[in-house]
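Reviewing the structure listed below.
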2 protein chains.
Amino acid sequence: MTDQAAGRDRDRRPTMVDVARAAGVSLKTVSRVANGVPTVRSDLADRVRAAMSELGFQRNNVAANLRSGRNTATIGLIILDLANPFYSTIAAAAAAVAERFDTQLITASSGWDPVRERELVLDLCERRVDGLIIAPTGDDQSYLGAEIARGMPAVFIDSPPSGCLADTVLIDNRTGTRDLVRRLLAEGHRDIGVITDSLNDFTMRERLAGAAEALEEAGIESGRHFRRIYSDRPHTAGDAVGAMLDSSEPPTAFFCGNNRILLGAVEELARRHDRTRLAAFDDFEFAPLLPRPVTVVGYDTRTLGRLAAELVFQRLRRPRSAQANYVVPTYLVDRGMAVDPV
Amino acid sequence: MTDQAAGRDRDRRPTMVDVARAAGVSLKTVSRVANGVPTVRSDLADRVRAAMSELGFQRNNVAANLRSGRNTATIGLIILDLANPFYSTIAAAAAAVAERFDTQLITASSGWDPVRERELVLDLCERRVDGLIIAPTGDDQSYLGAEIARGMPAVFIDSPPSGCLADTVLIDNRTGTRDLVRRLLAEGHRDIGVITDSLNDFTMRERLAGAAEALEEAGIESGRHFRRIYSDRPHTAGDAVGAMLDSSEPPTAFFCGNNRILLGAVEELARRHDRTRLAAFDDFEFAPLLPRPVTVVGYDTRTLGRLAAELVFQRLRRPRSAQANYVVPTYLVDRGMAVDPV
DNA sequence: GTGAAAGCGCTAACAG
DNA sequence: CTGTTAGCGCTTTCAC
């Protein structure tokens, strides 16, 4: 490098070469100081540090990682929608674990698009993230097999992968729903309206299966009052509730497959001044404020995110450890408040 | 590189050199194919592509960016708490913009810790993110001045920076609150209890100032009914409400500085079967389900995130463009439902 | 203790 | 149209 190429432009970020020249030492000494290597003569180290702050030097970690072959200290989190509190809570919990390992999280939303999911995985792999946490959509993650075989830590959350083997952290959808429906049965309800979202979704299938188990235990035909809705408008759930209530044998209780459905049901029941028993999967922040009692299946979303992140770092340390499949337990909790008329 | 160093280990990711050797072409031809350069003889391109999928090649974008001096296609988002829907909505909106530019978001939470905020900024700069979106905490962001001068696009959201100049996207806290308090005044309320969170917070100071403006317009001493709370437990807000109601001249209306305070107030009023008029800053998803009418100040959080991200990319294109200071407008909306007794 | 040389995986520049 | 050479900013040898 000639002297005139010494980088006179103010815009360029100073490199270790610039620092070395300013401090009158070799590039390598600068590198040592930057990395806190103790065996550097203190006067040299001081000169280097002075030059660093003089020039406003900041190490380029991208370059450092490239040469050292070390990790990028980044893990990728692919979820369905970051605006959804369920996923943002997971992201926050995973980030808290990552922080302990000086690692940052790249969070991306697939928006329920399997093609996008795959693109994101590829993109993150090309960025050489150290690991991947994925809430899958669609039913084919076989494209990840090669990555996993190559040693990329991959953890699936909320739903298991299809077409490849990986660590998973799931919620106990089936047991949670079974316990909830058992409770309704114990209260004497025999006609229980079950409202689910699309059964393309693993979690929804599991919840329905849990409900069916409880109903069958009680000798009740599990499909007796069953409505599927596909829309994300709460209104649709309200319509389902209305249709069942208007039938010749209306249910005396409803199980709502998620909190969105519950909200639609609450609104419809409020409109009708109807006090049919309500139960649902998913607890949520404002459930205590619901204007009528509701029993919901709760679970610790933060635990889900935390376990997933911990699995990634665990697998980073011991790449060939046995596949881990965690299940986050559920519990029943009574929400909603008794309120006055306005 | 000698032949025996050809990388026999199965674990190592294949590089362009490996692909070139397998395809019997030069490294550069592989690079061209990987980058979609059209001027490659089709039979060579086919051989390269075959070798690529044979070896499971994935370009290392970290290395590619290093050499080309291009961007890392990453922007950093520093917020206070990703688990908070306000911030996760911003993150989702910013990510949606970033997606249009094939850019990923690294999202990190400072947790209201100024030291952590600074560490995160430094870390993200060392990772050579292309830009930064920051919801600041603390009152000194002067450490960013050098970065901004060097051309790092930085956009502050929710609160402006102190000690440096940068683009901002803020919410019109002052106007929103002033309009809301004006409405209470127009309804005839003269005794309005104002409950805020810590005034260390820029947004809270602005909201209080907006309330004061409206009260002074009406010739009312603005500090008449005023309580500050510092805790994040809604209970504390309830205590403040209770104390004011128990005073010799209880307010006939309350303004709550944020939605957390509102929830505490709602609970306390429900407990007392008290129907004092309620108003608050912040709309939120479940506000329509509140068990009593409440007028809230709403704003489009997604717009905030979108504008911030767009500013980053705008400044990336034209680094020396004039400083932009956007203000997201607010509006009043009536929430809460009239409900039956249970 | 310090520094020169080589090279991480890729692209830019220039030849052929 | 293809290949060679150099080099991004840093770390890793391995001499001195």
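Just so we're on the same page: first chain in the structure tokens is A, next is B, and so on; residues restart at 1 for each chain, and ligands are numbered from 1 in the order they show up.
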
Original post:
Using the chain letters and numbers from this document, which residues of stretch 72-199 of chain B does DSSP assign to helix (DSSP H, G or I), as JSON, numbers by chain?
Top reply: {"B": [85, 86, 87, 88, 89, 90, 91, 92, 93, 94, 95, 96, 97, 98, 99, 100, 114, 115, 116, 117, 118, 119, 120, 121, 122, 123, 124, 125, 126, 142, 143, 144, 145, 146, 147, 148, 149, 173, 174, 175, 176, 177, 178, 179, 180, 181, 182, 183, 184, 185, 186]}

Only N, CA and C atoms, please: the residues just picked out, written as a compact mmCIF listing (two decimals), in the first residue's frame.
```txt
# COMPACT_ATOMS: atom_id res chain seq x y z
N PRO B 85 -46.11 -4.69 23.77
CA PRO B 85 -46.75 -4.64 22.45
C PRO B 85 -46.45 -3.36 21.68
N PHE B 86 -46.27 -2.27 22.38
CA PHE B 86 -45.92 -1.03 21.69
C PHE B 86 -44.65 -1.22 20.87
N TYR B 87 -43.63 -1.79 21.50
CA TYR B 87 -42.35 -1.94 20.81
C TYR B 87 -42.36 -3.10 19.82
N SER B 88 -43.08 -4.15 20.14
CA SER B 88 -43.07 -5.26 19.18
C SER B 88 -43.83 -4.88 17.92
N THR B 89 -44.84 -4.02 18.07
CA THR B 89 -45.54 -3.53 16.88
C THR B 89 -44.61 -2.68 16.02
N ILE B 90 -43.84 -1.84 16.68
CA ILE B 90 -42.85 -1.04 15.95
C ILE B 90 -41.86 -1.95 15.24
N ALA B 91 -41.39 -2.96 15.96
CA ALA B 91 -40.41 -3.88 15.37
C ALA B 91 -41.01 -4.57 14.14
N ALA B 92 -42.26 -4.99 14.25
CA ALA B 92 -42.89 -5.69 13.13
C ALA B 92 -43.02 -4.76 11.93
N ALA B 93 -43.42 -3.52 12.18
CA ALA B 93 -43.59 -2.57 11.08
C ALA B 93 -42.25 -2.24 10.44
N ALA B 94 -41.23 -2.08 11.26
CA ALA B 94 -39.90 -1.77 10.72
C ALA B 94 -39.38 -2.97 9.92
N ALA B 95 -39.64 -4.17 10.41
CA ALA B 95 -39.19 -5.37 9.70
C ALA B 95 -39.87 -5.47 8.34
N ALA B 96 -41.13 -5.05 8.29
CA ALA B 96 -41.86 -5.13 7.02
C ALA B 96 -41.22 -4.21 5.99
N VAL B 97 -40.79 -3.04 6.42
CA VAL B 97 -40.09 -2.13 5.50
C VAL B 97 -38.75 -2.74 5.10
N ALA B 98 -38.03 -3.24 6.10
CA ALA B 98 -36.70 -3.81 5.85
C ALA B 98 -36.78 -4.94 4.82
N GLU B 99 -37.86 -5.70 4.90
CA GLU B 99 -38.02 -6.82 3.97
C GLU B 99 -37.99 -6.34 2.52
N ARG B 100 -38.56 -5.17 2.28
CA ARG B 100 -38.56 -4.63 0.92
C ARG B 100 -37.15 -4.37 0.43
N PRO B 114 -29.47 2.84 30.48
CA PRO B 114 -28.68 3.66 29.55
C PRO B 114 -27.33 3.03 29.24
N VAL B 115 -26.73 2.34 30.22
CA VAL B 115 -25.44 1.72 29.98
C VAL B 115 -25.59 0.60 28.95
N ARG B 116 -26.61 -0.18 29.13
CA ARG B 116 -26.88 -1.26 28.19
C ARG B 116 -27.17 -0.70 26.80
N GLU B 117 -27.92 0.38 26.76
CA GLU B 117 -28.23 1.01 25.47
C GLU B 117 -26.95 1.36 24.73
N ARG B 118 -26.02 1.93 25.46
CA ARG B 118 -24.77 2.34 24.82
C ARG B 118 -23.96 1.13 24.36
N GLU B 119 -23.92 0.11 25.20
CA GLU B 119 -23.24 -1.13 24.82
C GLU B 119 -23.83 -1.71 23.54
N LEU B 120 -25.15 -1.69 23.49
CA LEU B 120 -25.82 -2.26 22.32
C LEU B 120 -25.48 -1.48 21.06
N VAL B 121 -25.49 -0.16 21.18
CA VAL B 121 -25.13 0.65 20.02
C VAL B 121 -23.72 0.30 19.55
N LEU B 122 -22.81 0.22 20.49
CA LEU B 122 -21.43 -0.09 20.13
C LEU B 122 -21.35 -1.47 19.47
N ASP B 123 -22.00 -2.44 20.08
CA ASP B 123 -21.98 -3.79 19.53
C ASP B 123 -22.52 -3.79 18.10
N LEU B 124 -23.63 -3.11 17.91
CA LEU B 124 -24.24 -3.12 16.58
C LEU B 124 -23.36 -2.39 15.56
N CYS B 125 -22.69 -1.37 16.00
CA CYS B 125 -21.77 -0.68 15.09
C CYS B 125 -20.60 -1.58 14.72
N GLU B 126 -20.12 -2.35 15.70
CA GLU B 126 -19.01 -3.26 15.41
C GLU B 126 -19.45 -4.39 14.48
N SER B 142 -24.86 11.38 23.40
CA SER B 142 -23.76 12.07 22.72
C SER B 142 -22.76 11.07 22.14
N TYR B 143 -22.70 9.88 22.72
CA TYR B 143 -21.78 8.86 22.22
C TYR B 143 -22.08 8.48 20.77
N LEU B 144 -23.26 8.88 20.29
CA LEU B 144 -23.61 8.52 18.92
C LEU B 144 -23.16 9.58 17.92
N GLY B 145 -22.77 10.73 18.43
CA GLY B 145 -22.41 11.82 17.53
C GLY B 145 -21.38 11.42 16.50
N ALA B 146 -20.32 10.74 16.94
CA ALA B 146 -19.25 10.36 16.03
C ALA B 146 -19.77 9.40 14.96
N GLU B 147 -20.60 8.46 15.36
CA GLU B 147 -21.17 7.50 14.41
C GLU B 147 -22.00 8.21 13.35
N ILE B 148 -22.84 9.12 13.83
CA ILE B 148 -23.71 9.84 12.91
C ILE B 148 -22.87 10.68 11.95
N ALA B 149 -21.84 11.34 12.49
CA ALA B 149 -20.96 12.15 11.65
C ALA B 149 -20.28 11.29 10.59
N ASN B 173 -47.60 13.58 21.62
CA ASN B 173 -48.10 13.41 22.99
C ASN B 173 -48.84 14.64 23.50
N ARG B 174 -48.26 15.80 23.21
CA ARG B 174 -48.78 17.02 23.79
C ARG B 174 -50.16 17.35 23.22
N THR B 175 -50.25 17.34 21.90
CA THR B 175 -51.55 17.65 21.28
C THR B 175 -52.61 16.62 21.66
N GLY B 176 -52.20 15.36 21.67
CA GLY B 176 -53.15 14.30 22.00
C GLY B 176 -53.75 14.52 23.38
N THR B 177 -52.89 14.79 24.34
CA THR B 177 -53.38 14.98 25.71
C THR B 177 -54.20 16.24 25.83
N ARG B 178 -53.74 17.30 25.15
CA ARG B 178 -54.48 18.55 25.22
C ARG B 178 -55.89 18.37 24.68
N ASP B 179 -56.00 17.68 23.56
CA ASP B 179 -57.33 17.44 22.98
C ASP B 179 -58.21 16.62 23.91
N LEU B 180 -57.60 15.66 24.54
CA LEU B 180 -58.37 14.79 25.43
C LEU B 180 -58.87 15.57 26.64
N VAL B 181 -57.99 16.36 27.24
CA VAL B 181 -58.41 17.13 28.42
C VAL B 181 -59.42 18.21 28.03
N ARG B 182 -59.23 18.78 26.85
CA ARG B 182 -60.25 19.73 26.36
C ARG B 182 -61.62 19.06 26.29
N ARG B 183 -61.62 17.84 25.85
CA ARG B 183 -62.89 17.13 25.76
C ARG B 183 -63.52 16.98 27.13
N LEU B 184 -62.72 16.62 28.12
CA LEU B 184 -63.26 16.48 29.48
C LEU B 184 -63.81 17.82 29.96
N LEU B 185 -63.07 18.88 29.65
CA LEU B 185 -63.52 20.21 30.05
C LEU B 185 -64.83 20.57 29.37
N ALA B 186 -64.92 20.24 28.08
CA ALA B 186 -66.14 20.54 27.33
C ALA B 186 -67.34 19.79 27.91
```

**OP:** Find the residues around A:Gly336 up to 12 Å (only C-alpha atoms (C1' of nucleotides) counted), leave out those fewer than 6 positions away in its own chain, and share them as number ranges by chain.
**Re:** A: 262-263, 266, 277-280, 283-296; B: 267, 289-291, 342

Per residue of chain D within 10 Å of chain B, record the nearest atom pair and its distance in Å to one decimal, counting only C-alpha atoms (C1' of nucleotides), with rows in chain order and ascending residue number, as JSON lines.
```
{"residue": "D:DC1", "atom": "C1'", "partner": "B:Val40", "partner_atom": "CA", "distance": 6.4}
{"residue": "D:DT2", "atom": "C1'", "partner": "B:Thr29", "partner_atom": "CA", "distance": 7.3}
{"residue": "D:DG3", "atom": "C1'", "partner": "B:Ser26", "partner_atom": "CA", "distance": 6.4}
{"residue": "D:DT4", "atom": "C1'", "partner": "B:Lys28", "partner_atom": "CA", "distance": 9.3}
{"residue": "D:DG7", "atom": "C1'", "partner": "B:Arg67", "partner_atom": "CA", "distance": 7.8}
{"residue": "D:DC8", "atom": "C1'", "partner": "B:Arg67", "partner_atom": "CA", "distance": 4.0}
{"residue": "D:DG9", "atom": "C1'", "partner": "B:Leu66", "partner_atom": "CA", "distance": 7.9}
```

Subject >> Residues of chain C within 9 Å of chain B, counting only C-alpha atoms (C1' of nucleotides), as a count of residues only >> reply: 5

Subject >> Which of stretch 172-291 of chain A DSSP labels strand (DSSP E), written as a VMD selection string >> reply: chain A and resid 192 to 196 226 to 228 253 to 256 277 to 281

Original post:
Pick from B:Arg127, B:Arg47, B:Arg21, B:Arg275: nearest to B:Thr72, with only C-alpha atoms counted?
Top reply: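 Looking only at the distances to B:Thr72, the closest residue turns out to be B:Arg127.
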
Subject >> Who sits within 9 Å of B:Asn325, only C-alpha atoms (C1' of nucleotides), same chain under 5 positions skipped, as a VMD selection string >> reply: chain B and resid 166 to 170

Subject >> Among listed residues B:Gly76, B:Gly238, B:Gly193, B:Pro153, nearest chain A (using only C-alpha atoms) >> reply: B:Gly76

Subject >> Computed interatomic separation between atom CA of B:Arg302 and atom CA of A:Gly111 (Å) >> reply: 15.9 Å

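In terms of minimum interatomic distance to A:Ile106, A:Leu132 ranks closest within A:Val33, A:Ala240, A:Leu132, A:Ile157, counting only C-alpha atoms.
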